[in-house]
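Peer 1: Let me begin by handing over the structure; questions about it come next.
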Amino acid sequence: MRAKYFSDTDTLMLTFSDSDVTETYDLNEDVLVEVDKDGRVVSMTVEHAKEQTDVNEFSYQLATD
């Protein structure tokens with residue numbers, strides 16, 4: 001998984017896999033979700049990211065049993 005923030009356009013892109021995108025869905029006017037041929041999420045794009053997320057704070061935690 002990769003997260004990339006483009007400050008010049010205030011866009012956050014989260015990439016979950018390198019699969020080919022076959023369809024794009026609009027969750028709302030600022031959030032796009034791209035899926036592969038099997039319906040698995042490939043990426044998510046958030047426009048106007050500073051309004052919708054806290055792009056200054058990012059953490060990752062792998063929860064184990």
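Lettering and numbering for the structure tokens are positional, with chains as A, B, ... in the shown order, residues counted from 1 in each chain, and ligands counted from 1 in the shown order.
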I'd like to know which residues of chain A are strand (DSSP E or B) (by DSSP, run on the backbone); could you write them as a list in words?
Peer 2: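 Matching residues, listed in order: Arg2, Ala3, Lys4, Tyr5, Phe6, Thr11, Leu12, Met13, Leu14, Thr15, Glu23, Thr24, Tyr25, Asp26, Leu27, Asn28, Val31, Leu32, Val33, Glu34, Val35, Val41, Val42, Ser43, Met44, Thr45, Val46 and Glu47 of chain A.
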Peer 1: Got time to write the residues from that selection, N, CA and C atoms, as a PDB file, in the first residue's frame?
Peer 2:
```pdb
ATOM      1  N   ARG A   2       0.486   2.238  -0.777  1.00  0.00           N
ATOM      2  CA  ARG A   2       1.245   3.477  -0.845  1.00  0.00           C
ATOM      3  C   ARG A   2       0.296   4.660  -0.679  1.00  0.00           C
ATOM      4  N   ALA A   3       0.783   5.691  -0.038  1.00  0.00           N
ATOM      5  CA  ALA A   3       0.041   6.944   0.088  1.00  0.00           C
ATOM      6  C   ALA A   3       0.916   8.050  -0.487  1.00  0.00           C
ATOM      7  N   LYS A   4       0.304   8.873  -1.338  1.00  0.00           N
ATOM      8  CA  LYS A   4       1.039   9.971  -1.951  1.00  0.00           C
ATOM      9  C   LYS A   4       0.170  11.223  -1.899  1.00  0.00           C
ATOM     10  N   TYR A   5       0.758  12.318  -1.416  1.00  0.00           N
ATOM     11  CA  TYR A   5       0.038  13.589  -1.337  1.00  0.00           C
ATOM     12  C   TYR A   5       0.672  14.573  -2.313  1.00  0.00           C
ATOM     13  N   PHE A   6      -0.161  15.178  -3.159  1.00  0.00           N
ATOM     14  CA  PHE A   6       0.276  16.173  -4.126  1.00  0.00           C
ATOM     15  C   PHE A   6      -0.153  17.546  -3.616  1.00  0.00           C
ATOM     16  N   THR A  11      -4.281  16.894  -3.444  1.00  0.00           N
ATOM     17  CA  THR A  11      -4.862  15.591  -3.766  1.00  0.00           C
ATOM     18  C   THR A  11      -4.109  14.491  -3.035  1.00  0.00           C
ATOM     19  N   LEU A  12      -4.841  13.588  -2.406  1.00  0.00           N
ATOM     20  CA  LEU A  12      -4.274  12.440  -1.722  1.00  0.00           C
ATOM     21  C   LEU A  12      -4.624  11.200  -2.531  1.00  0.00           C
ATOM     22  N   MET A  13      -3.619  10.378  -2.835  1.00  0.00           N
ATOM     23  CA  MET A  13      -3.864   9.133  -3.564  1.00  0.00           C
ATOM     24  C   MET A  13      -3.370   7.962  -2.734  1.00  0.00           C
ATOM     25  N   LEU A  14      -4.265   7.036  -2.472  1.00  0.00           N
ATOM     26  CA  LEU A  14      -3.939   5.808  -1.760  1.00  0.00           C
ATOM     27  C   LEU A  14      -3.990   4.674  -2.765  1.00  0.00           C
ATOM     28  N   THR A  15      -2.895   3.953  -2.912  1.00  0.00           N
ATOM     29  CA  THR A  15      -2.827   2.844  -3.857  1.00  0.00           C
ATOM     30  C   THR A  15      -2.700   1.553  -3.061  1.00  0.00           C
ATOM     31  N   GLU A  23     -12.763   0.019 -13.573  1.00  0.00           N
ATOM     32  CA  GLU A  23     -13.912   0.873 -13.323  1.00  0.00           C
ATOM     33  C   GLU A  23     -13.585   1.883 -12.230  1.00  0.00           C
ATOM     34  N   THR A  24     -14.196   3.053 -12.336  1.00  0.00           N
ATOM     35  CA  THR A  24     -14.021   4.116 -11.348  1.00  0.00           C
ATOM     36  C   THR A  24     -15.393   4.530 -10.840  1.00  0.00           C
ATOM     37  N   TYR A  25     -15.499   4.660  -9.522  1.00  0.00           N
ATOM     38  CA  TYR A  25     -16.749   5.075  -8.887  1.00  0.00           C
ATOM     39  C   TYR A  25     -16.528   6.390  -8.147  1.00  0.00           C
ATOM     40  N   ASP A  26     -17.498   7.268  -8.212  1.00  0.00           N
ATOM     41  CA  ASP A  26     -17.484   8.500  -7.427  1.00  0.00           C
ATOM     42  C   ASP A  26     -18.213   8.235  -6.114  1.00  0.00           C
ATOM     43  N   LEU A  27     -17.491   8.307  -4.989  1.00  0.00           N
ATOM     44  CA  LEU A  27     -18.169   8.192  -3.692  1.00  0.00           C
ATOM     45  C   LEU A  27     -18.904   9.481  -3.382  1.00  0.00           C
ATOM     46  N   ASN A  28     -18.279  10.591  -3.748  1.00  0.00           N
ATOM     47  CA  ASN A  28     -18.903  11.910  -3.702  1.00  0.00           C
ATOM     48  C   ASN A  28     -18.145  12.766  -4.703  1.00  0.00           C
ATOM     49  N   VAL A  31     -14.198  12.281  -3.950  1.00  0.00           N
ATOM     50  CA  VAL A  31     -13.550  10.995  -3.668  1.00  0.00           C
ATOM     51  C   VAL A  31     -13.875   9.998  -4.781  1.00  0.00           C
ATOM     52  N   LEU A  32     -12.806   9.456  -5.390  1.00  0.00           N
ATOM     53  CA  LEU A  32     -12.939   8.457  -6.447  1.00  0.00           C
ATOM     54  C   LEU A  32     -12.337   7.145  -5.971  1.00  0.00           C
ATOM     55  N   VAL A  33     -12.992   6.037  -6.290  1.00  0.00           N
ATOM     56  CA  VAL A  33     -12.483   4.713  -5.967  1.00  0.00           C
ATOM     57  C   VAL A  33     -12.342   3.938  -7.270  1.00  0.00           C
ATOM     58  N   GLU A  34     -11.170   3.366  -7.487  1.00  0.00           N
ATOM     59  CA  GLU A  34     -10.915   2.583  -8.685  1.00  0.00           C
ATOM     60  C   GLU A  34     -10.816   1.111  -8.313  1.00  0.00           C
ATOM     61  N   VAL A  35     -11.449   0.257  -9.123  1.00  0.00           N
ATOM     62  CA  VAL A  35     -11.465  -1.179  -8.845  1.00  0.00           C
ATOM     63  C   VAL A  35     -10.945  -1.955 -10.051  1.00  0.00           C
ATOM     64  N   VAL A  41     -10.637  -3.155  -4.677  1.00  0.00           N
ATOM     65  CA  VAL A  41     -10.188  -1.765  -4.681  1.00  0.00           C
ATOM     66  C   VAL A  41      -8.715  -1.701  -5.052  1.00  0.00           C
ATOM     67  N   VAL A  42      -8.399  -0.893  -6.063  1.00  0.00           N
ATOM     68  CA  VAL A  42      -7.032  -0.682  -6.506  1.00  0.00           C
ATOM     69  C   VAL A  42      -6.489   0.608  -5.906  1.00  0.00           C
ATOM     70  N   SER A  43      -7.301   1.675  -5.948  1.00  0.00           N
ATOM     71  CA  SER A  43      -6.841   2.952  -5.406  1.00  0.00           C
ATOM     72  C   SER A  43      -8.022   3.827  -5.023  1.00  0.00           C
ATOM     73  N   MET A  44      -7.698   4.857  -4.245  1.00  0.00           N
ATOM     74  CA  MET A  44      -8.676   5.853  -3.843  1.00  0.00           C
ATOM     75  C   MET A  44      -8.013   7.216  -3.975  1.00  0.00           C
ATOM     76  N   THR A  45      -8.716   8.151  -4.597  1.00  0.00           N
ATOM     77  CA  THR A  45      -8.206   9.504  -4.772  1.00  0.00           C
ATOM     78  C   THR A  45      -9.119  10.471  -4.036  1.00  0.00           C
ATOM     79  N   VAL A  46      -8.520  11.336  -3.214  1.00  0.00           N
ATOM     80  CA  VAL A  46      -9.279  12.328  -2.456  1.00  0.00           C
ATOM     81  C   VAL A  46      -8.818  13.702  -2.902  1.00  0.00           C
ATOM     82  N   GLU A  47      -9.705  14.427  -3.574  1.00  0.00           N
ATOM     83  CA  GLU A  47      -9.424  15.797  -3.964  1.00  0.00           C
ATOM     84  C   GLU A  47      -9.828  16.725  -2.820  1.00  0.00           C
TER      85      GLU A  47
END
```
Peer 1: Would you mind listing what lies within 6 Å of Asp10 of chain A as a list in words, with only C-alpha atoms counted and same-chain residues fewer than 2 positions away left out?
Peer 2: Phe6, Ser7, Asp8, His48 and Ala49 of chain A
Peer 1: One decimal, Å: what's the distance from atom CA of Leu62 of chain A over to atom CA of Met1 of chain A, could you say?
Peer 2: 12.3 Å
Peer 1: May I have all residues of chain A that DSSP, computed from the backbone, assigns to helix (DSSP H, G or I), given as a VMD selection string?
Peer 2: chain A and resid 49 to 52
Peer 1: Write out the residues from the selection above, keeping N, CA and C atoms, as a CSV table (one decimal), in the first residue's frame.
Peer 2:
```csv
chain,number,residue,atom,x,y,z
A,49,ALA,N,-8.0,17.4,-0.3
A,49,ALA,CA,-7.7,16.5,0.8
A,49,ALA,C,-7.6,17.2,2.2
A,50,LYS,N,-7.1,18.5,2.2
A,50,LYS,CA,-7.0,19.2,3.5
A,50,LYS,C,-8.3,19.4,4.1
A,51,GLU,N,-9.4,19.6,3.3
A,51,GLU,CA,-10.7,19.8,3.8
A,51,GLU,C,-11.3,18.5,4.3
A,52,GLN,N,-10.9,17.3,3.7
A,52,GLN,CA,-11.6,16.1,4.0
A,52,GLN,C,-10.8,15.1,4.9
```
Peer 1: Please compute the atom CA of Asp54 of chain A-atom CA of Asp18 of chain A distance, one decimal, in Å.
Peer 2: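 Computed distance, atom CA of Asp54 of chain A to atom CA of Asp18 of chain A, equals 25.2 Å.
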